[in-house]
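Text of the file query22.csv, holding CSV, C-alpha atoms:
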chain,number,residue,atom,x,y,z
D,1,LYS,CA,-100.5,127.6,83.8
D,2,ALA,CA,-103.9,129.5,83.9
D,3,GLY,CA,-106.9,127.6,85.2
D,4,VAL,CA,-110.4,127.4,83.7
D,5,THR,CA,-111.8,130.8,83.2
D,6,GLN,CA,-115.5,131.5,83.1
D,7,THR,CA,-117.1,134.8,82.2
D,8,PRO,CA,-119.0,136.6,83.4
D,9,ARG,CA,-118.9,135.7,87.1
D,10,TYR,CA,-122.3,137.1,87.8
D,11,LEU,CA,-125.3,137.8,85.7
D,12,ILE,CA,-128.8,139.0,86.3
D,13,LYS,CA,-131.4,138.4,83.5
D,14,THR,CA,-135.1,138.8,83.2
D,15,ARG,CA,-137.4,135.9,82.6
D,16,GLY,CA,-137.8,135.3,78.8
D,17,GLN,CA,-134.4,136.6,77.9
D,18,GLN,CA,-131.6,134.6,76.6
D,19,VAL,CA,-128.0,134.3,78.0
D,20,THR,CA,-124.6,133.2,76.8
D,21,LEU,CA,-121.9,132.0,79.2
D,22,SER,CA,-118.3,131.5,78.2
D,23,CYS,CA,-115.6,129.1,79.3
D,24,SER,CA,-111.9,129.0,78.4
D,25,PRO,CA,-110.4,125.7,79.3
D,26,ILE,CA,-106.9,125.1,80.5
D,27,SER,CA,-104.4,125.3,77.6
D,28,GLY,CA,-104.1,121.9,75.9
D,29,HIS,CA,-107.4,120.6,77.3
D,30,ARG,CA,-109.8,119.5,74.6
D,31,SER,CA,-112.8,118.4,76.6
D,32,VAL,CA,-115.2,120.9,78.2
D,33,SER,CA,-118.2,119.9,80.3
D,34,TRP,CA,-121.0,122.1,81.6
D,35,TYR,CA,-122.9,121.6,84.9
D,36,GLN,CA,-125.8,123.3,86.6
D,37,GLN,CA,-125.6,123.6,90.4
D,38,THR,CA,-128.5,124.8,92.5
D,39,PRO,CA,-128.6,125.3,96.3
D,40,GLY,CA,-128.7,122.0,98.1
D,41,GLN,CA,-128.3,120.1,94.9
D,42,GLY,CA,-125.5,118.2,93.4
D,43,LEU,CA,-124.1,118.9,90.0
D,44,GLN,CA,-126.4,118.3,87.2
D,45,PHE,CA,-124.7,117.5,83.9
D,46,LEU,CA,-125.6,119.6,80.9
D,47,PHE,CA,-123.3,118.5,78.1
D,48,GLU,CA,-119.7,117.7,77.2
D,49,TYR,CA,-117.8,118.9,74.1
D,50,PHE,CA,-114.7,117.4,72.7
D,51,SER,CA,-112.9,118.7,69.6
D,52,GLU,CA,-115.9,120.8,68.7
D,53,THR,CA,-118.3,117.9,68.9
D,54,GLN,CA,-121.0,117.2,71.6
D,55,ARG,CA,-120.0,113.9,73.1
D,56,ASN,CA,-122.6,113.5,75.9
D,57,LYS,CA,-125.8,115.3,76.8
D,58,GLY,CA,-127.7,115.5,80.1
D,59,ASN,CA,-131.5,115.6,80.6
D,60,PHE,CA,-132.1,119.3,80.1
D,61,PRO,CA,-134.6,120.9,77.7
D,62,GLY,CA,-133.6,122.1,74.3
D,63,ARG,CA,-133.5,125.7,75.6
D,64,PHE,CA,-130.0,124.7,76.9
D,65,SER,CA,-127.4,124.5,74.1
D,66,GLY,CA,-123.7,124.8,73.7
D,67,ARG,CA,-120.9,124.8,71.3
D,68,GLN,CA,-117.1,124.5,71.3
D,69,PHE,CA,-114.7,126.4,69.1
D,70,SER,CA,-111.5,125.2,67.4
D,71,ASN,CA,-109.5,126.7,70.2
D,72,SER,CA,-111.5,124.5,72.7
D,73,ARG,CA,-113.2,127.6,74.2
D,74,SER,CA,-116.9,126.8,74.8
D,75,GLU,CA,-120.1,128.7,75.1
D,76,MET,CA,-123.4,127.8,76.7
D,77,ASN,CA,-126.6,129.4,75.7
D,78,VAL,CA,-129.9,129.4,77.5
D,79,SER,CA,-132.9,130.8,75.7
D,80,THR,CA,-136.3,131.8,77.1
D,81,LEU,CA,-135.0,132.0,80.6
D,82,GLU,CA,-137.2,130.7,83.5
D,83,LEU,CA,-136.9,131.5,87.2
D,84,GLY,CA,-135.8,128.0,87.8
D,85,ASP,CA,-132.7,128.5,85.6
D,86,SER,CA,-131.2,130.6,88.4
D,87,ALA,CA,-128.1,128.6,89.4
D,88,LEU,CA,-124.4,128.4,89.4
D,89,TYR,CA,-123.2,127.2,86.0
D,90,LEU,CA,-119.9,125.4,86.2
D,91,CYS,CA,-117.5,124.5,83.4
D,92,ALA,CA,-114.9,121.8,83.7
D,93,SER,CA,-112.1,121.1,81.4
D,94,SER,CA,-110.0,117.9,81.0
D,95,LEU,CA,-107.2,116.7,78.8
D,96,ASN,CA,-109.4,114.4,76.8
D,97,SER,CA,-112.8,112.7,76.9
D,98,GLY,CA,-112.1,109.1,76.5
D,99,MET,CA,-109.8,108.3,79.4
D,100,ASN,CA,-110.6,109.1,83.0
D,101,THR,CA,-108.5,112.2,83.5
D,102,GLU,CA,-109.0,114.8,86.1
D,103,ALA,CA,-111.6,117.5,85.5
D,104,PHE,CA,-110.6,121.0,86.5
D,105,PHE,CA,-113.5,123.4,87.3
D,106,GLY,CA,-113.8,127.1,86.9
D,107,GLN,CA,-115.3,129.3,89.6
D,108,GLY,CA,-118.6,129.3,87.8
D,109,THR,CA,-121.1,131.9,86.5
D,110,ARG,CA,-123.8,132.8,89.0
D,111,LEU,CA,-127.0,133.4,87.0
D,112,THR,CA,-130.0,135.0,88.6
D,113,VAL,CA,-133.3,135.1,86.7
D,114,VAL,CA,-135.8,137.7,87.9
T,115,GLN,CA,-128.3,102.3,87.3
T,116,GLN,CA,-126.6,105.6,86.7
T,117,GLN,CA,-127.0,107.0,90.2
T,118,VAL,CA,-124.5,107.5,92.8
T,119,LYS,CA,-126.0,107.7,96.3
T,120,GLN,CA,-124.1,109.8,98.9
T,121,SER,CA,-124.6,110.0,102.6
T,122,PRO,CA,-124.9,111.7,104.9
T,123,GLN,CA,-126.3,115.0,103.6
T,124,SER,CA,-124.5,116.9,106.3
T,125,LEU,CA,-121.9,116.0,109.0
T,126,ILE,CA,-120.6,117.8,112.0
T,127,VAL,CA,-117.3,116.6,113.4
T,128,GLN,CA,-115.1,117.8,116.2
T,129,LYS,CA,-111.6,119.1,115.4
T,130,GLY,CA,-109.2,116.2,115.4
T,131,GLY,CA,-111.9,113.6,114.7
T,132,ILE,CA,-112.5,111.4,111.7
T,133,SER,CA,-115.0,112.4,109.1
T,134,ILE,CA,-116.5,109.6,107.0
T,135,ILE,CA,-118.6,110.1,103.9
T,136,ASN,CA,-120.1,107.1,102.0
T,137,CYS,CA,-121.2,106.5,98.5
T,138,ALA,CA,-122.8,103.6,96.7
T,139,TYR,CA,-123.2,102.9,93.0
T,140,GLU,CA,-125.0,100.4,90.8
T,141,ASN,CA,-123.2,100.5,87.5
T,142,THR,CA,-120.4,97.9,87.5
T,143,ALA,CA,-119.0,99.5,84.4
T,144,PHE,CA,-117.8,102.5,86.4
T,145,ASP,CA,-114.0,102.5,86.5
T,146,TYR,CA,-113.0,105.8,88.1
T,147,PHE,CA,-114.2,107.2,91.4
T,148,PRO,CA,-113.1,110.7,92.4
T,149,TRP,CA,-113.9,112.8,95.4
T,150,TYR,CA,-114.2,116.6,95.0
T,151,GLN,CA,-114.1,119.3,97.6
T,152,GLN,CA,-116.0,122.5,97.1
T,153,PHE,CA,-115.7,125.7,99.1
T,154,PRO,CA,-118.4,128.4,99.0
T,155,GLY,CA,-118.0,130.6,95.9
T,156,LYS,CA,-115.6,128.2,94.2
T,157,GLY,CA,-115.8,125.4,91.7
T,158,PRO,CA,-115.2,121.8,92.9
T,159,ALA,CA,-111.6,120.7,93.1
T,160,LEU,CA,-110.3,117.1,92.9
T,161,LEU,CA,-109.3,115.8,96.3
T,162,ILE,CA,-108.4,112.2,95.6
T,163,ALA,CA,-109.5,109.5,93.2
T,164,ILE,CA,-109.4,105.7,93.0
T,165,ARG,CA,-109.8,103.0,90.4
T,166,PRO,CA,-111.5,99.7,91.2
T,167,ASP,CA,-108.4,97.5,91.1
T,168,VAL,CA,-107.3,99.1,94.4
T,169,SER,CA,-109.1,98.8,97.7
T,170,GLU,CA,-107.6,101.8,99.4
T,171,LYS,CA,-105.8,105.0,98.5
T,172,LYS,CA,-104.3,107.4,100.9
T,173,GLU,CA,-103.1,111.0,100.3
T,174,GLY,CA,-102.1,112.8,103.5
T,175,ARG,CA,-105.1,112.9,105.8
T,176,PHE,CA,-107.5,111.8,103.1
T,177,THR,CA,-108.2,108.1,102.4
T,178,ILE,CA,-110.6,106.4,99.9
T,179,SER,CA,-111.8,103.0,100.9
T,180,PHE,CA,-113.2,101.0,98.0
T,181,ASN,CA,-115.4,97.8,98.3
T,182,LYS,CA,-116.0,96.5,94.8
T,183,SER,CA,-118.2,93.6,95.8
T,184,ALA,CA,-120.5,95.9,97.8
T,185,LYS,CA,-120.3,98.6,95.2
T,186,GLN,CA,-119.4,101.2,97.8
T,187,PHE,CA,-116.7,103.6,98.4
T,188,SER,CA,-116.0,106.1,101.2
T,189,LEU,CA,-113.9,109.1,102.1
T,190,HIS,CA,-112.1,109.3,105.4
T,191,ILE,CA,-110.6,112.5,106.7
T,192,MET,CA,-108.3,111.9,109.6
T,193,ASP,CA,-107.5,114.5,112.2
T,194,SER,CA,-110.2,116.8,110.7
T,195,GLN,CA,-109.5,120.5,110.8
T,196,PRO,CA,-111.7,123.6,110.5
T,197,GLY,CA,-110.2,124.3,107.1
T,198,ASP,CA,-111.7,121.0,105.9
T,199,SER,CA,-115.2,122.5,106.3
T,200,ALA,CA,-116.6,122.3,102.8
T,201,THR,CA,-119.0,120.4,100.6
T,202,TYR,CA,-117.7,117.0,99.4
T,203,PHE,CA,-118.9,115.2,96.3
T,204,CYS,CA,-118.3,111.7,95.3
T,205,ALA,CA,-118.6,110.8,91.6
T,206,ALA,CA,-118.2,107.8,89.3
T,207,LYS,CA,-117.3,107.5,85.7
T,208,ARG,CA,-116.7,105.1,82.9
T,209,SER,CA,-114.5,106.0,79.9
T,210,ASN,CA,-116.3,108.1,77.2
T,211,TYR,CA,-119.1,109.0,79.5
T,212,GLN,CA,-119.7,111.9,81.9
T,213,LEU,CA,-119.1,112.0,85.6
T,214,ILE,CA,-122.1,110.9,87.6
T,215,TRP,CA,-122.2,112.9,90.9
T,216,GLY,CA,-123.5,112.2,94.4
T,217,ALA,CA,-125.7,114.8,96.0
T,218,GLY,CA,-122.9,116.2,98.2
T,219,THR,CA,-122.1,116.2,101.9
T,220,LYS,CA,-121.8,119.5,103.8
T,221,LEU,CA,-119.0,118.9,106.3
T,222,ILE,CA,-118.6,121.2,109.3
T,223,ILE,CA,-115.6,120.8,111.6
T,224,LYS,CA,-116.1,122.3,115.0
T,225,PRO,CA,-113.0,123.9,116.6
Structure rendered as structure tokens:
Amino acid sequence: KAGVTQTPRYLIKTRGQQVTLSCSPISGHRSVSWYQQTPGQGLQFLFEYFSETQRNKGNFPGRFSGRQFSNSRSEMNVSTLELGDSALYLCASSLNSGMNTEAFFGQGTRLTVV
Amino acid sequence: QQQVKQSPQSLIVQKGGISIINCAYENTAFDYFPWYQQFPGKGPALLIAIRPDVSEKKEGRFTISFNKSAKQFSLHIMDSQPGDSATYFCAAKRSNYQLIWGAGTKLIIKP
């Protein structure tokens, strides 16, 4: 079956703009998590959605928001972009949120803010 | 309490040698400890995972050793190959909460 699909793969935006990233989870997976990865850093958790509800949230400012649709697809939005938002944004899907099931990652969206 | 500390930051191992990466945690409520492997330009992929009721799990050349009393777990890669060169992340989780990640270890296997 198809893996986790993230679009677009690459994005260049100007400081102050806003951006929306998309993630299509594996069919049947209801949990989607978003992470920010910067060079030399680990994965910083942004938020997790399960059945259209935000289950967990990381320590990011309110400029970072997300949502999940009834088909489990998820979008992440960053408003008023800053240079420091340049990063690889990764989406992971898993079967459910409660139990410790494997998280499958997409290839990420590389965002560059200039 | 939510941190997972991973070491070393980088590691160079000769082909055929054993690569060892260590992680330590504080939260005793964690009940799932996966290791992920990430190649450049790719998202992380699950390599192997362990639950705290088991002290060791082996899959091929990859072994997780788990020490519950010391709150430590480690990844051992036996007979390391150049294709194992990647960044490795340990993580920890409890049900209904997100994965907590280590900072990553960049592993280079020298031919």
Contact set, chain D to chain T: 12 Å, only C-alpha atoms, as JSON, numbers by chain: {"D": [3, 4, 5, 6, 9, 10, 31, 32, 33, 34, 35, 36, 37, 38, 39, 40, 41, 42, 43, 44, 45, 46, 47, 48, 49, 50, 54, 55, 56, 57, 58, 88, 89, 90, 91, 92, 93, 94, 96, 97, 98, 99, 100, 101, 102, 103, 104, 105, 106, 107, 108, 109, 110]}
Residue nearest D:Cys23 among D:Glu52, D:Gln68, D:Val78, D:Pro61 (counting all atoms listed in the file):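 Of the candidates, the smallest distance to D:Cys23 is held by D:Gln68.
Shortest atom-to-atom contact with D:Gln17 among D:Ala87, D:Val114, D:Leu95, D:Leu81: D:Leu81, counting only C-alpha atoms.
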Point-to-point distance in Å for atom CA of T:Phe187 and atom CA of T:Trp149: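 Interatomic distance here is 10.1 Å.
Put simply, atom CA of D:Gly66 is 16.2 Å away from atom CA of D:Leu111.
Nearest to T:Ser199 of all the residues T:Leu161, T:Ile222, T:Val168, T:Ile132 is T:Ile222, based on all atoms listed in the file.
With atom CA of D:Gln18 on one side and atom CA of D:Ser51 on the other, the separation reads 25.5 Å.
For the choices T:Ser169, T:Asn181, T:Gln116, T:Ser194, the atom-to-atom distance to T:Ile134 is smallest for T:Ser194 when using all atoms listed in the file.
Of the listed residues (T:Gly130, T:Pro166, T:Pro196, T:Pro225), T:Pro166 comes nearest to T:Ser183; the distances count all atoms listed in the file.
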Residues within 8 Å of T:Phe176, all atoms listed in the file, excluding chain neighbours under 5 positions, as a list in words: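 Here the qualifying residues turn out to be Ile162, Leu189, His190, Ile191 and Met192 of chain T.
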Reconstruct stretch 37-48 of chain D at the level of all heavy atoms, and format the result as a JSON list (two decimals), keeping the file's coordinate frame.
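Full text of result21.json as output:
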[["chain", "number", "residue", "atom", "x", "y", "z"],
["D", 37, "GLN", "N", -125.55, 123.88, 88.99],
["D", 37, "GLN", "CA", -125.60, 123.60, 90.40],
["D", 37, "GLN", "C", -126.55, 124.54, 91.10],
["D", 37, "GLN", "O", -126.38, 125.75, 91.03],
["D", 37, "GLN", "CB", -124.19, 123.70, 91.04],
["D", 37, "GLN", "CG", -124.15, 123.24, 92.50],
["D", 37, "GLN", "CD", -122.75, 123.27, 93.09],
["D", 37, "GLN", "OE1", -121.91, 124.08, 92.72],
["D", 37, "GLN", "NE2", -122.48, 122.34, 94.00],
["D", 38, "THR", "N", -127.56, 123.99, 91.75],
["D", 38, "THR", "CA", -128.50, 124.80, 92.50],
["D", 38, "THR", "C", -128.36, 124.51, 93.98],
["D", 38, "THR", "O", -127.84, 123.46, 94.35],
["D", 38, "THR", "CB", -129.96, 124.47, 92.05],
["D", 38, "THR", "OG1", -130.14, 123.04, 92.04],
["D", 38, "THR", "CG2", -130.22, 125.00, 90.65],
["D", 39, "PRO", "N", -128.76, 125.47, 94.84],
["D", 39, "PRO", "CA", -128.60, 125.30, 96.30],
["D", 39, "PRO", "C", -129.09, 124.00, 96.82],
["D", 39, "PRO", "O", -130.23, 123.63, 96.54],
["D", 39, "PRO", "CB", -129.35, 126.51, 96.86],
["D", 39, "PRO", "CG", -129.34, 127.52, 95.79],
["D", 39, "PRO", "CD", -129.42, 126.74, 94.49],
["D", 40, "GLY", "N", -128.25, 123.30, 97.54],
["D", 40, "GLY", "CA", -128.70, 122.00, 98.10],
["D", 40, "GLY", "C", -128.66, 120.88, 97.16],
["D", 40, "GLY", "O", -128.94, 119.75, 97.54],
["D", 41, "GLN", "N", -128.33, 121.14, 95.91],
["D", 41, "GLN", "CA", -128.30, 120.10, 94.90],
["D", 41, "GLN", "C", -126.89, 119.72, 94.52],
["D", 41, "GLN", "O", -125.94, 120.45, 94.73],
["D", 41, "GLN", "CB", -129.05, 120.56, 93.63],
["D", 41, "GLN", "CG", -130.50, 120.89, 93.85],
["D", 41, "GLN", "CD", -131.30, 119.68, 94.20],
["D", 41, "GLN", "OE1", -131.20, 118.63, 93.59],
["D", 41, "GLN", "NE2", -132.13, 119.80, 95.24],
["D", 42, "GLY", "N", -126.76, 118.60, 93.95],
["D", 42, "GLY", "CA", -125.50, 118.20, 93.40],
["D", 42, "GLY", "C", -125.26, 118.89, 92.06],
["D", 42, "GLY", "O", -125.93, 119.86, 91.72],
["D", 43, "LEU", "N", -124.34, 118.38, 91.32],
["D", 43, "LEU", "CA", -124.10, 118.90, 90.00],
["D", 43, "LEU", "C", -124.88, 118.17, 88.96],
["D", 43, "LEU", "O", -124.79, 116.95, 88.86],
["D", 43, "LEU", "CB", -122.58, 118.82, 89.69],
["D", 43, "LEU", "CG", -121.68, 119.83, 90.41],
["D", 43, "LEU", "CD1", -121.37, 119.39, 91.83],
["D", 43, "LEU", "CD2", -120.39, 120.02, 89.62],
["D", 44, "GLN", "N", -125.63, 118.92, 88.21],
["D", 44, "GLN", "CA", -126.40, 118.30, 87.20],
["D", 44, "GLN", "C", -125.71, 118.53, 85.83],
["D", 44, "GLN", "O", -125.44, 119.66, 85.43],
["D", 44, "GLN", "CB", -127.82, 118.99, 87.10],
["D", 44, "GLN", "CG", -128.58, 118.92, 88.43],
["D", 44, "GLN", "CD", -128.89, 117.51, 88.86],
["D", 44, "GLN", "OE1", -129.33, 116.69, 88.07],
["D", 44, "GLN", "NE2", -128.63, 117.20, 90.12],
["D", 45, "PHE", "N", -125.42, 117.43, 85.16],
["D", 45, "PHE", "CA", -124.70, 117.50, 83.90],
["D", 45, "PHE", "C", -125.50, 118.02, 82.78],
["D", 45, "PHE", "O", -126.62, 117.56, 82.55],
["D", 45, "PHE", "CB", -124.15, 116.06, 83.59],
["D", 45, "PHE", "CG", -123.48, 115.93, 82.27],
["D", 45, "PHE", "CD1", -122.21, 116.42, 82.07],
["D", 45, "PHE", "CD2", -124.13, 115.30, 81.21],
["D", 45, "PHE", "CE1", -121.58, 116.28, 80.84],
["D", 45, "PHE", "CE2", -123.52, 115.15, 79.99],
["D", 45, "PHE", "CZ", -122.24, 115.65, 79.80],
["D", 46, "LEU", "N", -124.93, 118.99, 82.08],
["D", 46, "LEU", "CA", -125.60, 119.60, 80.90],
["D", 46, "LEU", "C", -125.14, 118.93, 79.63],
["D", 46, "LEU", "O", -125.91, 118.32, 78.91],
["D", 46, "LEU", "CB", -125.39, 121.09, 80.87],
["D", 46, "LEU", "CG", -126.23, 121.89, 81.86],
["D", 46, "LEU", "CD1", -125.53, 123.18, 82.25],
["D", 46, "LEU", "CD2", -127.59, 122.21, 81.26],
["D", 47, "PHE", "N", -123.88, 119.10, 79.30],
["D", 47, "PHE", "CA", -123.30, 118.50, 78.10],
["D", 47, "PHE", "C", -121.79, 118.55, 78.16],
["D", 47, "PHE", "O", -121.21, 119.27, 78.97],
["D", 47, "PHE", "CB", -123.81, 119.12, 76.80],
["D", 47, "PHE", "CG", -124.25, 120.56, 76.91],
["D", 47, "PHE", "CD1", -123.34, 121.58, 77.19],
["D", 47, "PHE", "CD2", -125.58, 120.90, 76.72],
["D", 47, "PHE", "CE1", -123.76, 122.89, 77.31],
["D", 47, "PHE", "CE2", -126.00, 122.22, 76.83],
["D", 47, "PHE", "CZ", -125.10, 123.21, 77.12],
["D", 48, "GLU", "N", -121.19, 117.75, 77.28],
["D", 48, "GLU", "CA", -119.70, 117.70, 77.20],
["D", 48, "GLU", "C", -119.37, 117.89, 75.70],
["D", 48, "GLU", "O", -120.00, 117.29, 74.81],
["D", 48, "GLU", "CB", -119.17, 116.38, 77.66],
["D", 48, "GLU", "CG", -117.65, 116.30, 77.52],
["D", 48, "GLU", "CD", -117.11, 114.90, 77.62],
["D", 48, "GLU", "OE1", -117.91, 113.95, 77.72],
["D", 48, "GLU", "OE2", -115.87, 114.75, 77.60]]
